[in-house]
Structure formats: structure tokens, C-alpha cells
Amino acid sequence: MNDYPTPLQLTIPQEATGERLDRALTALVPEMSRSRIKALIEGGNLRFGETGATIDDASYRVKPGQEFALTVPDATPPVPIGQHIDLTIAYEDADIIVIDKPAGMVVHPAPGNPDMTLVNALIAHCGDSLSGIGGVKRPGIVHRIDKDTSGLLIAAKNDAAHHALSEAFAAHDITRAYKCAVWGLPSPKAGTIETLIGRHPVHRQRMAVVNRLGKEAVTHYQVEQVYGLGASLVECRLETGRTHQIRVHMTHIGHPLIGDQTYGRATIARRAQLSDTARAAAKAFPRQALHAAILGVTHPRTGAYMEWESDIPADLSALLEQLGTK
């Protein structure tokens, strides 16, 4: 069942005179996104309160005092199937769930990874507590981390939470800090990287720092541990959240992530700064050395700020220990 009485009785206020129907109704039901309202209208779920006639034109211009009855159907079964996969849950309530994702797990089903993803696991885990995102019983994924990145990720369990979290991410009102092992020692040891990031002009599967036609990307970094001149542990805090942002930005300043086969490798001179043991460990590390360590949000229902922290996982911890060998 969904969280809405059926039908919702809605009256257009004076200040909405002349507004598009979908925009006016979104203001009356703010926990729903405009795209969801529009889909409900176009799906024949809205009637004039006085005549009972169906209206399916989302661009209709409303008049003050008009009454509408909006039916919100029960969420339909998800297209991805639920699969019982062990999850490490940092927090869960009726609105949100925070997962500590292991490296190697894909977030969304896609060609090449049709199942055994985080979405499949969340559908099975949450069950009937998912009231539906956009009319479908699925978790609302508002941000992603790469398959080979470990750490914290939040998902919404209903439309209202999904809408609130999406707005928070769009407004950069989210705390996200990552730990990464990089080649070399950034100088200065703390700073801000601010560029445009867009598709690589030649390699379209990659992202790149571009001069135009990109999106603003801002990363604040701080060196936390130094392993000679060969490698460092760096904390990166995201002000924006572009695809592969940390990987692209650290490569851009000359310090690619250890294990990142896409965005850059170390020079021979830099590898030579490490001991034989450290160099072998870095070469063998099977993924980008990146972990989503801190996640903080304003709770969509209570308005309270909440923050979670995830310990560096065993594989990255072992790498850091070996980088410190003489």
C-alpha cells in the first residue's frame, strides 16, 4: 500500500493562478516530484472535483478555487528482482537506509551486470517497507559509487525521502568524505581542485577535465599520511558530485589513485620511491584505492543532521600498511 489517501483532494490557491497543472499540484503535494505528478496526470489518475471528468493535460493552466481528485496507485512490483545478498547496514528507518557497500558490488542493474546488484539486494531486504519511488517498489538511489569503490551510500525508501534527498544532493547540502591512496605527495598538502568535468573528447567511456561543455566540479583535499615521496593517504571532501570526480581530479593534479587503471598510473621515478614490498603491494592492488568514509545528511523527515563513518576496509588497510614498509 502507498502512503496517500485515495483520492487526494486538492484545491488550487489564489497564488497559483495561471500555473501549469503539474507545477501547481507539486506545490500542494511537495513530497512528490514534479515528474511523478506529471506521470500520474498523464496516466489518467486526476479528475476535476466538480464534474469527475478526467484531465490528462499536465500543461493545463489552473484557476483559483478549482478542485481536483488525485488517485495515487499502489506501487507496482519492481522490474529488478529482489535477491537476498548480505548487506552491511549502517542505519535504517522508515525513510532511509545507509549501506556500507563492499568493493566489487555494482549499484544498479545494467548490461553486463543484470542482477546481484545493490538495488537487487535492497529490494529483497526492504520488502514492503518500500512504499514506492515514482510508483514502483524500488529504492531511491540518489547518488552512486563505482563498482570498485567501497563505502557509504544512502537510499530512500519512499517518494518523500527521495525528493528531499535529491534536492539536498542538487544543492550540495551533503557531507561526503573519501579516503584514497594516491601516487606521490600532493603539494601543497591541502587545497581545493576546481574545474569543469565532462566526457573525454576521444575516449567517451571516460571523464576528463575540460575547458568547456562540462559541469563544475569542486574537490577539497587534505594529505593525512605520507609514505615518503612515493605515495600518500588523502582525504577528499566533495562539494559537487560528478562522475569519477575524485579519480579525475587527483589525476589532474598529478597524483592518480593507486590501482586506477583508467585515469593514470605512476611514473617509474615515483614507483622507485617505494620499497620493494610497497611497490609490489601497490602494483597488485586490484581496484582504485578509494573508500567512501563519511556520509552526512539532513534527515528528510525529522530535519536532524545525521552522519555516519565507515572504517577503511581490510584490503585498503593492508595496502596502507605495506606502503609504510622500508
# chains A, B, ... in the order shown; residues from 1 in each chain; ligands from 1

call {"tool": "closest_atom_pairs", "arguments": {"of": "segment 251-289 of chain A", "to": "segment 207-212 of chain A", "cutoff": "10 Å", "atoms": "only C-alpha atoms", "output": "Markdown table"}}
result
| residue | atom | partner | partner_atom | distance |
| --- | --- | --- | --- | --- |
| A:Thr251 | CA | A:Ala208 | CA | 9.5 |
| A:His252 | CA | A:Val209 | CA | 7.3 |
| A:Thr262 | CA | A:Met207 | CA | 9.7 |
| A:Tyr263 | CA | A:Met207 | CA | 8.8 |

call {"tool": "write_last_selection", "arguments": {"atoms": "all heavy atoms", "output": "CSV table (one decimal), in the first residue's frame"}}
result
chain,number,residue,atom,x,y,z
A,251,THR,N,44.1,12.8,-10.6
A,251,THR,CA,45.0,12.6,-11.8
A,251,THR,C,45.3,13.9,-12.4
A,251,THR,O,46.5,14.2,-12.8
A,251,THR,CB,44.3,11.7,-12.8
A,251,THR,OG1,44.1,10.4,-12.3
A,251,THR,CG2,45.1,11.6,-14.1
A,252,HIS,N,44.4,14.8,-12.4
A,252,HIS,CA,44.6,16.2,-13.0
A,252,HIS,C,45.7,16.9,-12.3
A,252,HIS,O,46.5,17.7,-12.9
A,252,HIS,CB,43.3,17.0,-12.9
A,252,HIS,CG,43.4,18.4,-13.3
A,252,HIS,ND1,43.6,18.7,-14.7
A,252,HIS,CD2,43.3,19.6,-12.7
A,252,HIS,CE1,43.6,20.0,-14.8
A,252,HIS,NE2,43.5,20.6,-13.6
A,262,THR,N,42.2,3.3,-15.2
A,262,THR,CA,41.5,4.1,-16.2
A,262,THR,C,42.1,5.5,-16.2
A,262,THR,O,42.3,6.1,-17.3
A,262,THR,CB,40.0,4.2,-15.8
A,262,THR,OG1,39.5,2.9,-15.9
A,262,THR,CG2,39.3,5.1,-16.8
A,263,TYR,N,42.4,6.1,-15.1
A,263,TYR,CA,42.8,7.5,-15.1
A,263,TYR,C,44.3,7.8,-14.8
A,263,TYR,O,44.6,8.9,-14.5
A,263,TYR,CB,41.9,8.2,-14.1
A,263,TYR,CG,40.5,8.3,-14.5
A,263,TYR,CD1,39.5,7.5,-14.0
A,263,TYR,CD2,40.1,9.2,-15.6
A,263,TYR,CE1,38.2,7.6,-14.4
A,263,TYR,CE2,38.8,9.3,-16.0
A,263,TYR,CZ,37.8,8.5,-15.5
A,263,TYR,OH,36.5,8.5,-15.9

call {"tool": "closest_atom_pairs", "arguments": {"of": "segment 119-191 of chain A", "to": "segment 233-250 of chain A", "cutoff": "8 Å", "atoms": "only C-alpha atoms", "output": "tab-separated table"}}
result
residue	atom	partner	partner_atom	distance
A:Asp146	CA	A:His244	CA	7.9
A:His172	CA	A:Thr240	CA	6.0
A:Thr175	CA	A:Leu238	CA	7.5
A:Arg176	CA	A:Arg237	CA	5.7
A:Ala177	CA	A:Arg237	CA	4.3
A:Tyr178	CA	A:Cys236	CA	5.1
A:Lys179	CA	A:Glu235	CA	4.6
A:Cys180	CA	A:Val234	CA	5.3
A:Ala181	CA	A:Leu233	CA	4.6
A:Val182	CA	A:Leu233	CA	6.4

call {"tool": "write_last_selection", "arguments": {"atoms": "all heavy atoms", "output": "CSV table (one decimal), in the first residue's frame"}}
result
chain,number,residue,atom,x,y,z
A,146,ASP,N,31.3,3.9,-7.5
A,146,ASP,CA,31.7,2.9,-8.5
A,146,ASP,C,31.7,1.5,-8.0
A,146,ASP,O,31.9,1.3,-6.8
A,146,ASP,CB,33.1,3.3,-9.1
A,146,ASP,CG,33.1,4.6,-9.8
A,146,ASP,OD1,32.1,5.0,-10.3
A,146,ASP,OD2,34.2,5.2,-9.8
A,172,HIS,N,24.1,20.5,-3.1
A,172,HIS,CA,25.4,20.2,-2.5
A,172,HIS,C,25.3,20.3,-1.0
A,172,HIS,O,26.3,20.7,-0.3
A,172,HIS,CB,26.5,21.1,-3.0
A,172,HIS,CG,26.5,21.3,-4.5
A,172,HIS,ND1,26.5,20.2,-5.4
A,172,HIS,CD2,26.6,22.4,-5.3
A,172,HIS,CE1,26.5,20.6,-6.6
A,172,HIS,NE2,26.5,21.9,-6.6
A,175,THR,N,27.3,15.9,3.2
A,175,THR,CA,28.7,15.7,3.6
A,175,THR,C,29.2,14.4,3.0
A,175,THR,O,28.6,13.4,3.3
A,175,THR,CB,28.9,15.7,5.1
A,175,THR,OG1,28.4,16.9,5.7
A,175,THR,CG2,30.3,15.5,5.5
A,176,ARG,N,30.3,14.5,2.2
A,176,ARG,CA,30.9,13.2,1.7
A,176,ARG,C,32.4,13.3,1.7
A,176,ARG,O,33.0,14.2,1.1
A,176,ARG,CB,30.4,13.0,0.2
A,176,ARG,CG,29.0,12.5,0.1
A,176,ARG,CD,28.5,12.5,-1.3
A,176,ARG,NE,28.4,13.8,-1.9
A,176,ARG,CZ,28.2,14.1,-3.1
A,176,ARG,NH1,28.2,13.2,-4.0
A,176,ARG,NH2,28.1,15.4,-3.5
A,177,ALA,N,33.0,12.5,2.5
A,177,ALA,CA,34.5,12.4,2.5
A,177,ALA,C,35.0,11.0,2.2
A,177,ALA,O,34.4,10.0,2.6
A,177,ALA,CB,34.9,12.8,3.9
A,178,TYR,N,36.0,11.0,1.3
A,178,TYR,CA,36.6,9.8,0.8
A,178,TYR,C,38.0,9.7,1.3
A,178,TYR,O,38.7,10.7,1.3
A,178,TYR,CB,36.5,9.7,-0.7
A,178,TYR,CG,35.1,9.5,-1.3
A,178,TYR,CD1,34.2,10.6,-1.2
A,178,TYR,CD2,34.7,8.4,-1.9
A,178,TYR,CE1,32.9,10.4,-1.8
A,178,TYR,CE2,33.5,8.2,-2.4
A,178,TYR,CZ,32.6,9.2,-2.4
A,178,TYR,OH,31.3,9.1,-2.9
A,179,LYS,N,38.5,8.5,1.5
A,179,LYS,CA,39.9,8.2,1.7
A,179,LYS,C,40.5,7.6,0.5
A,179,LYS,O,39.8,6.6,-0.1
A,179,LYS,CB,40.1,7.3,2.9
A,179,LYS,CG,39.4,7.7,4.2
A,179,LYS,CD,40.0,8.9,4.8
A,179,LYS,CE,39.3,9.2,6.2
A,179,LYS,NZ,39.8,10.4,6.9
A,180,CYS,N,41.6,8.0,0.0
A,180,CYS,CA,42.2,7.4,-1.1
A,180,CYS,C,43.7,7.4,-1.0
A,180,CYS,O,44.3,8.3,-0.4
A,180,CYS,CB,41.8,8.2,-2.4
A,180,CYS,SG,42.2,9.9,-2.5
A,181,ALA,N,44.3,6.3,-1.5
A,181,ALA,CA,45.8,6.2,-1.6
A,181,ALA,C,46.2,6.6,-3.0
A,181,ALA,O,45.7,6.1,-4.0
A,181,ALA,CB,46.2,4.7,-1.3
A,182,VAL,N,47.1,7.6,-3.0
A,182,VAL,CA,47.5,8.2,-4.3
A,182,VAL,C,49.0,8.0,-4.5
A,182,VAL,O,49.8,7.9,-3.5
A,182,VAL,CB,47.1,9.7,-4.4
A,182,VAL,CG1,45.6,9.8,-4.2
A,182,VAL,CG2,47.9,10.5,-3.5

call {"tool": "closest_residue", "arguments": {"among": "A:Gly228, A:Gly303, A:Pro114, A:Pro139", "to": "Leu274 of chain A", "atoms": "only C-alpha atoms"}}
result
A:Gly228

call {"tool": "select_by_dssp", "arguments": {"residues": "segment 105-244 of chain A", "states": "strand (DSSP E)", "output": "JSON, numbers by chain"}}
result
{"A": [140, 141, 150, 151, 152, 153, 154, 155, 156, 175, 176, 177, 178, 179, 180, 181, 182, 183, 190, 191, 192, 193, 194, 195, 196, 197, 198, 199, 207, 208, 209, 210, 215, 216, 217, 218, 219, 220, 221, 222, 223, 224, 225, 226, 227, 231, 232, 233, 234, 235, 236, 237, 238]}

call {"tool": "write_last_selection", "arguments": {"atoms": "C-alpha atoms", "output": "PDB file, in the first residue's frame"}}
result
ATOM      1  CA  GLY A 140      15.538   5.628  -4.493  1.00  0.00           C
ATOM      2  CA  ILE A 141      19.236   5.787  -5.324  1.00  0.00           C
ATOM      3  CA  SER A 150      33.849   0.763  -1.174  1.00  0.00           C
ATOM      4  CA  GLY A 151      31.924   2.660   1.457  1.00  0.00           C
ATOM      5  CA  LEU A 152      28.780   4.522   2.414  1.00  0.00           C
ATOM      6  CA  LEU A 153      25.758   5.084   0.201  1.00  0.00           C
ATOM      7  CA  ILE A 154      22.245   6.267   1.131  1.00  0.00           C
ATOM      8  CA  ALA A 155      18.954   5.245  -0.497  1.00  0.00           C
ATOM      9  CA  ALA A 156      15.400   6.496   0.007  1.00  0.00           C
ATOM     10  CA  THR A 175      28.727  15.733   3.601  1.00  0.00           C
ATOM     11  CA  ARG A 176      30.853  13.234   1.669  1.00  0.00           C
ATOM     12  CA  ALA A 177      34.457  12.428   2.543  1.00  0.00           C
ATOM     13  CA  TYR A 178      36.559   9.774   0.839  1.00  0.00           C
ATOM     14  CA  LYS A 179      39.898   8.216   1.742  1.00  0.00           C
ATOM     15  CA  CYS A 180      42.212   7.415  -1.143  1.00  0.00           C
ATOM     16  CA  ALA A 181      45.760   6.188  -1.598  1.00  0.00           C
ATOM     17  CA  VAL A 182      47.495   8.163  -4.329  1.00  0.00           C
ATOM     18  CA  TRP A 183      50.848   8.081  -6.042  1.00  0.00           C
ATOM     19  CA  ALA A 190      45.839  20.679   1.433  1.00  0.00           C
ATOM     20  CA  GLY A 191      43.905  22.540  -1.216  1.00  0.00           C
ATOM     21  CA  THR A 192      40.890  22.800  -3.478  1.00  0.00           C
ATOM     22  CA  ILE A 193      40.627  21.494  -7.030  1.00  0.00           C
ATOM     23  CA  GLU A 194      38.028  23.382  -9.050  1.00  0.00           C
ATOM     24  CA  THR A 195      37.486  22.534 -12.739  1.00  0.00           C
ATOM     25  CA  LEU A 196      34.871  21.551 -15.277  1.00  0.00           C
ATOM     26  CA  ILE A 197      34.402  17.795 -15.781  1.00  0.00           C
ATOM     27  CA  GLY A 198      32.818  16.286 -18.876  1.00  0.00           C
ATOM     28  CA  ARG A 199      33.130  13.371 -21.264  1.00  0.00           C
ATOM     29  CA  MET A 207      35.509  11.542 -17.861  1.00  0.00           C
ATOM     30  CA  ALA A 208      38.056  14.340 -18.093  1.00  0.00           C
ATOM     31  CA  VAL A 209      38.825  17.891 -17.045  1.00  0.00           C
ATOM     32  CA  VAL A 210      37.542  20.020 -19.944  1.00  0.00           C
ATOM     33  CA  LYS A 215      29.950  20.658 -15.220  1.00  0.00           C
ATOM     34  CA  GLU A 216      31.508  22.485 -12.303  1.00  0.00           C
ATOM     35  CA  ALA A 217      33.432  20.110 -10.044  1.00  0.00           C
ATOM     36  CA  VAL A 218      34.966  21.062  -6.689  1.00  0.00           C
ATOM     37  CA  THR A 219      37.078  18.756  -4.501  1.00  0.00           C
ATOM     38  CA  HIS A 220      38.753  19.735  -1.220  1.00  0.00           C
ATOM     39  CA  TYR A 221      41.731  17.520  -0.345  1.00  0.00           C
ATOM     40  CA  GLN A 222      43.963  17.022   2.689  1.00  0.00           C
ATOM     41  CA  VAL A 223      47.002  14.742   2.940  1.00  0.00           C
ATOM     42  CA  GLU A 224      46.619  12.537   6.027  1.00  0.00           C
ATOM     43  CA  GLN A 225      49.585  10.196   5.809  1.00  0.00           C
ATOM     44  CA  VAL A 226      52.843  10.374   3.861  1.00  0.00           C
ATOM     45  CA  TYR A 227      54.758   7.332   2.619  1.00  0.00           C
ATOM     46  CA  ALA A 231      52.564   7.591  -2.019  1.00  0.00           C
ATOM     47  CA  SER A 232      50.099   9.319   0.313  1.00  0.00           C
ATOM     48  CA  LEU A 233      46.784   8.764   2.026  1.00  0.00           C
ATOM     49  CA  VAL A 234      44.496  11.660   1.155  1.00  0.00           C
ATOM     50  CA  GLU A 235      41.033  12.666   2.355  1.00  0.00           C
ATOM     51  CA  CYS A 236      38.870  14.200  -0.367  1.00  0.00           C
ATOM     52  CA  ARG A 237      35.673  16.057   0.513  1.00  0.00           C
ATOM     53  CA  LEU A 238      33.230  16.582  -2.329  1.00  0.00           C
TER      54      LEU A 238
END

call {"tool": "atom_distance", "arguments": {"atom1": "atom CA of Thr267 of chain A", "atom2": "atom CA of Ile145 of chain A"}}
result
27.2 Å

call {"tool": "closest_residue", "arguments": {"among": "A:Leu316, A:Gly184, A:Ala16, A:Pro286", "to": "Ala266 of chain A", "atoms": "only C-alpha atoms"}}
result
A:Gly184

call {"tool": "closest_residue", "arguments": {"among": "A:Glu42, A:Asp100, A:Asp86, A:Asp22", "to": "Asp311 of chain A", "atoms": "only C-alpha atoms"}}
result
A:Asp100

call {"tool": "atom_distance", "arguments": {"atom1": "atom CA of Val136 of chain A", "atom2": "atom CA of Arg23 of chain A"}}
result
21.7 Å

call {"tool": "select_by_dssp", "arguments": {"residues": "segment 16-176 of chain A", "states": "helix (DSSP H, G or I)", "output": "short mmCIF file (atom, residue, chain, number, x, y, z; two decimals) with N, CA and C atoms, in the first residue's frame"}}
result
data_model
loop_
_atom_site.label_atom_id
_atom_site.label_comp_id
_atom_site.auth_asym_id
_atom_site.auth_seq_id
_atom_site.Cartn_x
_atom_site.Cartn_y
_atom_site.Cartn_z
N ALA A 16 -1.61 30.47 -7.15
CA ALA A 16 -1.22 29.57 -8.25
C ALA A 16 -1.94 29.89 -9.55
N LEU A 21 -0.71 22.88 -14.51
CA LEU A 21 -1.36 21.97 -13.58
C LEU A 21 -0.35 21.15 -12.79
N ASP A 22 0.66 20.59 -13.46
CA ASP A 22 1.61 19.73 -12.75
C ASP A 22 2.42 20.53 -11.73
N ARG A 23 2.76 21.78 -12.07
CA ARG A 23 3.52 22.60 -11.15
C ARG A 23 2.67 22.99 -9.93
N ALA A 24 1.41 23.35 -10.17
CA ALA A 24 0.51 23.75 -9.08
C ALA A 24 0.27 22.59 -8.12
N LEU A 25 0.09 21.39 -8.65
CA LEU A 25 -0.17 20.24 -7.78
C LEU A 25 1.09 19.83 -7.01
N THR A 26 2.26 20.01 -7.63
CA THR A 26 3.50 19.70 -6.93
C THR A 26 3.66 20.58 -5.69
N ALA A 27 3.24 21.84 -5.80
CA ALA A 27 3.31 22.73 -4.63
C ALA A 27 2.37 22.27 -3.53
N LEU A 28 1.27 21.61 -3.89
CA LEU A 28 0.31 21.13 -2.90
C LEU A 28 0.71 19.78 -2.31
N ARG A 34 7.87 16.68 -9.35
CA ARG A 34 7.02 17.16 -10.43
C ARG A 34 6.87 16.10 -11.53
N SER A 35 7.95 15.38 -11.79
CA SER A 35 7.88 14.34 -12.83
C SER A 35 6.90 13.25 -12.43
N ARG A 36 6.82 12.94 -11.14
CA ARG A 36 5.87 11.93 -10.66
C ARG A 36 4.44 12.44 -10.81
N ILE A 37 4.20 13.68 -10.42
CA ILE A 37 2.87 14.28 -10.59
C ILE A 37 2.46 14.28 -12.06
N LYS A 38 3.38 14.67 -12.91
CA LYS A 38 3.09 14.72 -14.35
C LYS A 38 2.72 13.34 -14.87
N ALA A 39 3.48 12.32 -14.44
CA ALA A 39 3.20 10.95 -14.88
C ALA A 39 1.82 10.49 -14.41
N LEU A 40 1.44 10.86 -13.19
CA LEU A 40 0.12 10.49 -12.69
C LEU A 40 -0.99 11.17 -13.48
N ILE A 41 -0.80 12.45 -13.82
CA ILE A 41 -1.79 13.18 -14.62
C ILE A 41 -1.94 12.52 -15.98
N GLU A 42 -0.80 12.31 -16.64
CA GLU A 42 -0.85 11.75 -18.00
C GLU A 42 -1.30 10.30 -18.00
N LEU A 118 23.36 -3.90 -5.79
CA LEU A 118 22.85 -3.32 -4.55
C LEU A 118 21.35 -3.11 -4.62
N VAL A 119 20.84 -2.67 -5.77
CA VAL A 119 19.40 -2.47 -5.93
C VAL A 119 18.65 -3.79 -5.72
N ASN A 120 19.14 -4.87 -6.30
CA ASN A 120 18.51 -6.18 -6.09
C ASN A 120 18.49 -6.54 -4.61
N ALA A 121 19.61 -6.28 -3.94
CA ALA A 121 19.71 -6.61 -2.52
C ALA A 121 18.76 -5.76 -1.68
N LEU A 122 18.65 -4.47 -2.01
CA LEU A 122 17.78 -3.58 -1.23
C LEU A 122 16.31 -3.93 -1.43
N ILE A 123 15.92 -4.32 -2.63
CA ILE A 123 14.53 -4.72 -2.87
C ILE A 123 14.17 -5.92 -1.99
N ALA A 124 15.07 -6.88 -1.92
CA ALA A 124 14.80 -8.05 -1.07
C ALA A 124 14.83 -7.68 0.40
N HIS A 125 15.80 -6.89 0.81
CA HIS A 125 15.94 -6.54 2.23
C HIS A 125 14.77 -5.69 2.73
N CYS A 126 14.40 -4.67 1.96
CA CYS A 126 13.40 -3.71 2.43
C CYS A 126 11.98 -4.23 2.31
N GLY A 127 11.72 -5.05 1.29
CA GLY A 127 10.39 -5.65 1.13
C GLY A 127 9.28 -4.63 1.12
N ASP A 128 8.26 -4.84 1.95
CA ASP A 128 7.09 -3.96 1.96
C ASP A 128 7.36 -2.58 2.54
N SER A 129 8.54 -2.38 3.13
CA SER A 129 8.83 -1.03 3.66
C SER A 129 9.14 -0.06 2.53
N ASP A 159 8.77 8.12 -1.71
CA ASP A 159 8.84 9.29 -2.60
C ASP A 159 9.27 10.55 -1.86
N ALA A 160 8.74 10.77 -0.67
CA ALA A 160 9.05 12.00 0.06
C ALA A 160 10.54 12.07 0.39
N ALA A 161 11.10 10.97 0.89
CA ALA A 161 12.52 10.94 1.22
C ALA A 161 13.38 11.08 -0.03
N HIS A 162 12.95 10.44 -1.11
CA HIS A 162 13.69 10.52 -2.37
C HIS A 162 13.73 11.95 -2.88
N HIS A 163 12.62 12.62 -2.81
CA HIS A 163 12.54 14.01 -3.29
C HIS A 163 13.44 14.91 -2.43
N ALA A 164 13.39 14.74 -1.12
CA ALA A 164 14.18 15.59 -0.23
C ALA A 164 15.68 15.34 -0.40
N LEU A 165 16.07 14.08 -0.50
CA LEU A 165 17.48 13.77 -0.66
C LEU A 165 18.00 14.23 -2.02
N SER A 166 17.18 14.08 -3.05
CA SER A 166 17.60 14.53 -4.39
C SER A 166 17.86 16.03 -4.39
N GLU A 167 16.98 16.79 -3.70
CA GLU A 167 17.16 18.24 -3.62
C GLU A 167 18.43 18.58 -2.83
N ALA A 168 18.70 17.82 -1.77
CA ALA A 168 19.89 18.08 -0.96
C ALA A 168 21.16 17.83 -1.77
N PHE A 169 21.17 16.75 -2.55
CA PHE A 169 22.34 16.49 -3.38
C PHE A 169 22.50 17.56 -4.45
N ALA A 170 21.40 17.97 -5.06
CA ALA A 170 21.47 19.01 -6.09
C ALA A 170 21.99 20.33 -5.51
#

call {"tool": "atom_distance", "arguments": {"atom1": "atom CA of Ile294 of chain A", "atom2": "atom CA of Ala94 of chain A"}}
result
21.7 Å

call {"tool": "residues_around", "arguments": {"residues": "Glu50 of chain A", "least_positions_apart": "2", "cutoff": "7 Å", "atoms": "only C-alpha atoms", "output": "JSON, numbers by chain"}}
result
{"A": [48, 52, 67]}

call {"tool": "write_last_selection", "arguments": {"atoms": "N, CA and C atoms", "output": "PDB file, in the first residue's frame"}}
result
ATOM      1  N   PHE A  48     -11.355  16.276 -12.322  1.00  0.00           N
ATOM      2  CA  PHE A  48     -11.936  17.509 -11.801  1.00  0.00           C
ATOM      3  C   PHE A  48     -12.841  17.144 -10.630  1.00  0.00           C
ATOM      4  N   GLY A  52     -15.947  15.279 -12.081  1.00  0.00           N
ATOM      5  CA  GLY A  52     -15.437  13.911 -12.128  1.00  0.00           C
ATOM      6  C   GLY A  52     -14.778  13.567 -13.435  1.00  0.00           C
ATOM      7  N   GLU A  67     -10.977  22.441  -7.870  1.00  0.00           N
ATOM      8  CA  GLU A  67     -10.734  21.273  -7.030  1.00  0.00           C
ATOM      9  C   GLU A  67     -10.427  20.067  -7.907  1.00  0.00           C
TER      10      GLU A  67
END

call {"tool": "decode", "arguments": {"residues": "segment 180-197 of chain A", "atoms": "N, CA, C and O atoms", "output": "PDB file, in the first residue's frame"}}
result
ATOM      1  N   CYS A 180      41.613   8.029   0.039  1.00  0.00           N
ATOM      2  CA  CYS A 180      42.212   7.415  -1.143  1.00  0.00           C
ATOM      3  C   CYS A 180      43.729   7.370  -1.007  1.00  0.00           C
ATOM      4  O   CYS A 180      44.345   8.274  -0.424  1.00  0.00           O
ATOM      5  N   ALA A 181      44.308   6.307  -1.530  1.00  0.00           N
ATOM      6  CA  ALA A 181      45.760   6.188  -1.598  1.00  0.00           C
ATOM      7  C   ALA A 181      46.190   6.627  -2.984  1.00  0.00           C
ATOM      8  O   ALA A 181      45.690   6.102  -3.989  1.00  0.00           O
ATOM      9  N   VAL A 182      47.079   7.597  -3.039  1.00  0.00           N
ATOM     10  CA  VAL A 182      47.495   8.163  -4.329  1.00  0.00           C
ATOM     11  C   VAL A 182      48.999   8.024  -4.502  1.00  0.00           C
ATOM     12  O   VAL A 182      49.753   7.886  -3.528  1.00  0.00           O
ATOM     13  N   TRP A 183      49.429   8.076  -5.738  1.00  0.00           N
ATOM     14  CA  TRP A 183      50.848   8.081  -6.042  1.00  0.00           C
ATOM     15  C   TRP A 183      51.430   9.457  -5.746  1.00  0.00           C
ATOM     16  O   TRP A 183      50.852  10.480  -6.108  1.00  0.00           O
ATOM     17  N   GLY A 184      52.569   9.483  -5.074  1.00  0.00           N
ATOM     18  CA  GLY A 184      53.263  10.727  -4.827  1.00  0.00           C
ATOM     19  C   GLY A 184      52.713  11.494  -3.641  1.00  0.00           C
ATOM     20  O   GLY A 184      51.840  11.022  -2.898  1.00  0.00           O
ATOM     21  N   LEU A 185      53.225  12.683  -3.462  1.00  0.00           N
ATOM     22  CA  LEU A 185      52.847  13.553  -2.348  1.00  0.00           C
ATOM     23  C   LEU A 185      52.335  14.878  -2.902  1.00  0.00           C
ATOM     24  O   LEU A 185      53.119  15.685  -3.431  1.00  0.00           O
ATOM     25  N   PRO A 186      51.012  15.120  -2.827  1.00  0.00           N
ATOM     26  CA  PRO A 186      50.471  16.390  -3.327  1.00  0.00           C
ATOM     27  C   PRO A 186      51.107  17.590  -2.629  1.00  0.00           C
ATOM     28  O   PRO A 186      51.365  17.562  -1.428  1.00  0.00           O
ATOM     29  N   SER A 187      51.361  18.623  -3.407  1.00  0.00           N
ATOM     30  CA  SER A 187      51.898  19.875  -2.860  1.00  0.00           C
ATOM     31  C   SER A 187      51.116  21.038  -3.463  1.00  0.00           C
ATOM     32  O   SER A 187      51.053  21.160  -4.691  1.00  0.00           O
ATOM     33  N   PRO A 188      50.482  21.833  -2.592  1.00  0.00           N
ATOM     34  CA  PRO A 188      50.512  21.776  -1.131  1.00  0.00           C
ATOM     35  C   PRO A 188      49.760  20.553  -0.597  1.00  0.00           C
ATOM     36  O   PRO A 188      49.047  19.887  -1.339  1.00  0.00           O
ATOM     37  N   LYS A 189      49.928  20.300   0.701  1.00  0.00           N
ATOM     38  CA  LYS A 189      49.310  19.116   1.288  1.00  0.00           C
ATOM     39  C   LYS A 189      47.807  19.263   1.497  1.00  0.00           C
ATOM     40  O   LYS A 189      47.132  18.288   1.824  1.00  0.00           O
ATOM     41  N   ALA A 190      47.284  20.454   1.353  1.00  0.00           N
ATOM     42  CA  ALA A 190      45.839  20.679   1.433  1.00  0.00           C
ATOM     43  C   ALA A 190      45.479  21.729   0.396  1.00  0.00           C
ATOM     44  O   ALA A 190      46.250  22.661   0.136  1.00  0.00           O
ATOM     45  N   GLY A 191      44.313  21.568  -0.211  1.00  0.00           N
ATOM     46  CA  GLY A 191      43.905  22.540  -1.216  1.00  0.00           C
ATOM     47  C   GLY A 191      42.553  22.210  -1.805  1.00  0.00           C
ATOM     48  O   GLY A 191      41.876  21.263  -1.376  1.00  0.00           O
ATOM     49  N   THR A 192      42.165  22.980  -2.783  1.00  0.00           N
ATOM     50  CA  THR A 192      40.890  22.800  -3.478  1.00  0.00           C
ATOM     51  C   THR A 192      41.152  22.690  -4.973  1.00  0.00           C
ATOM     52  O   THR A 192      41.905  23.495  -5.539  1.00  0.00           O
ATOM     53  N   ILE A 193      40.553  21.688  -5.579  1.00  0.00           N
ATOM     54  CA  ILE A 193      40.627  21.494  -7.030  1.00  0.00           C
ATOM     55  C   ILE A 193      39.283  21.896  -7.602  1.00  0.00           C
ATOM     56  O   ILE A 193      38.250  21.332  -7.225  1.00  0.00           O
ATOM     57  N   GLU A 194      39.280  22.864  -8.490  1.00  0.00           N
ATOM     58  CA  GLU A 194      38.028  23.382  -9.050  1.00  0.00           C
ATOM     59  C   GLU A 194      38.158  23.450 -10.561  1.00  0.00           C
ATOM     60  O   GLU A 194      38.965  24.220 -11.091  1.00  0.00           O
ATOM     61  N   THR A 195      37.410  22.616 -11.278  1.00  0.00           N
ATOM     62  CA  THR A 195      37.486  22.534 -12.739  1.00  0.00           C
ATOM     63  C   THR A 195      36.087  22.271 -13.300  1.00  0.00           C
ATOM     64  O   THR A 195      35.115  22.146 -12.564  1.00  0.00           O
ATOM     65  N   LEU A 196      36.031  22.126 -14.617  1.00  0.00           N
ATOM     66  CA  LEU A 196      34.871  21.551 -15.277  1.00  0.00           C
ATOM     67  C   LEU A 196      35.193  20.095 -15.602  1.00  0.00           C
ATOM     68  O   LEU A 196      36.325  19.771 -15.990  1.00  0.00           O
ATOM     69  N   ILE A 197      34.235  19.207 -15.413  1.00  0.00           N
ATOM     70  CA  ILE A 197      34.402  17.795 -15.781  1.00  0.00           C
ATOM     71  C   ILE A 197      33.327  17.423 -16.789  1.00  0.00           C
ATOM     72  O   ILE A 197      32.151  17.751 -16.609  1.00  0.00           O
TER      73      ILE A 197
END
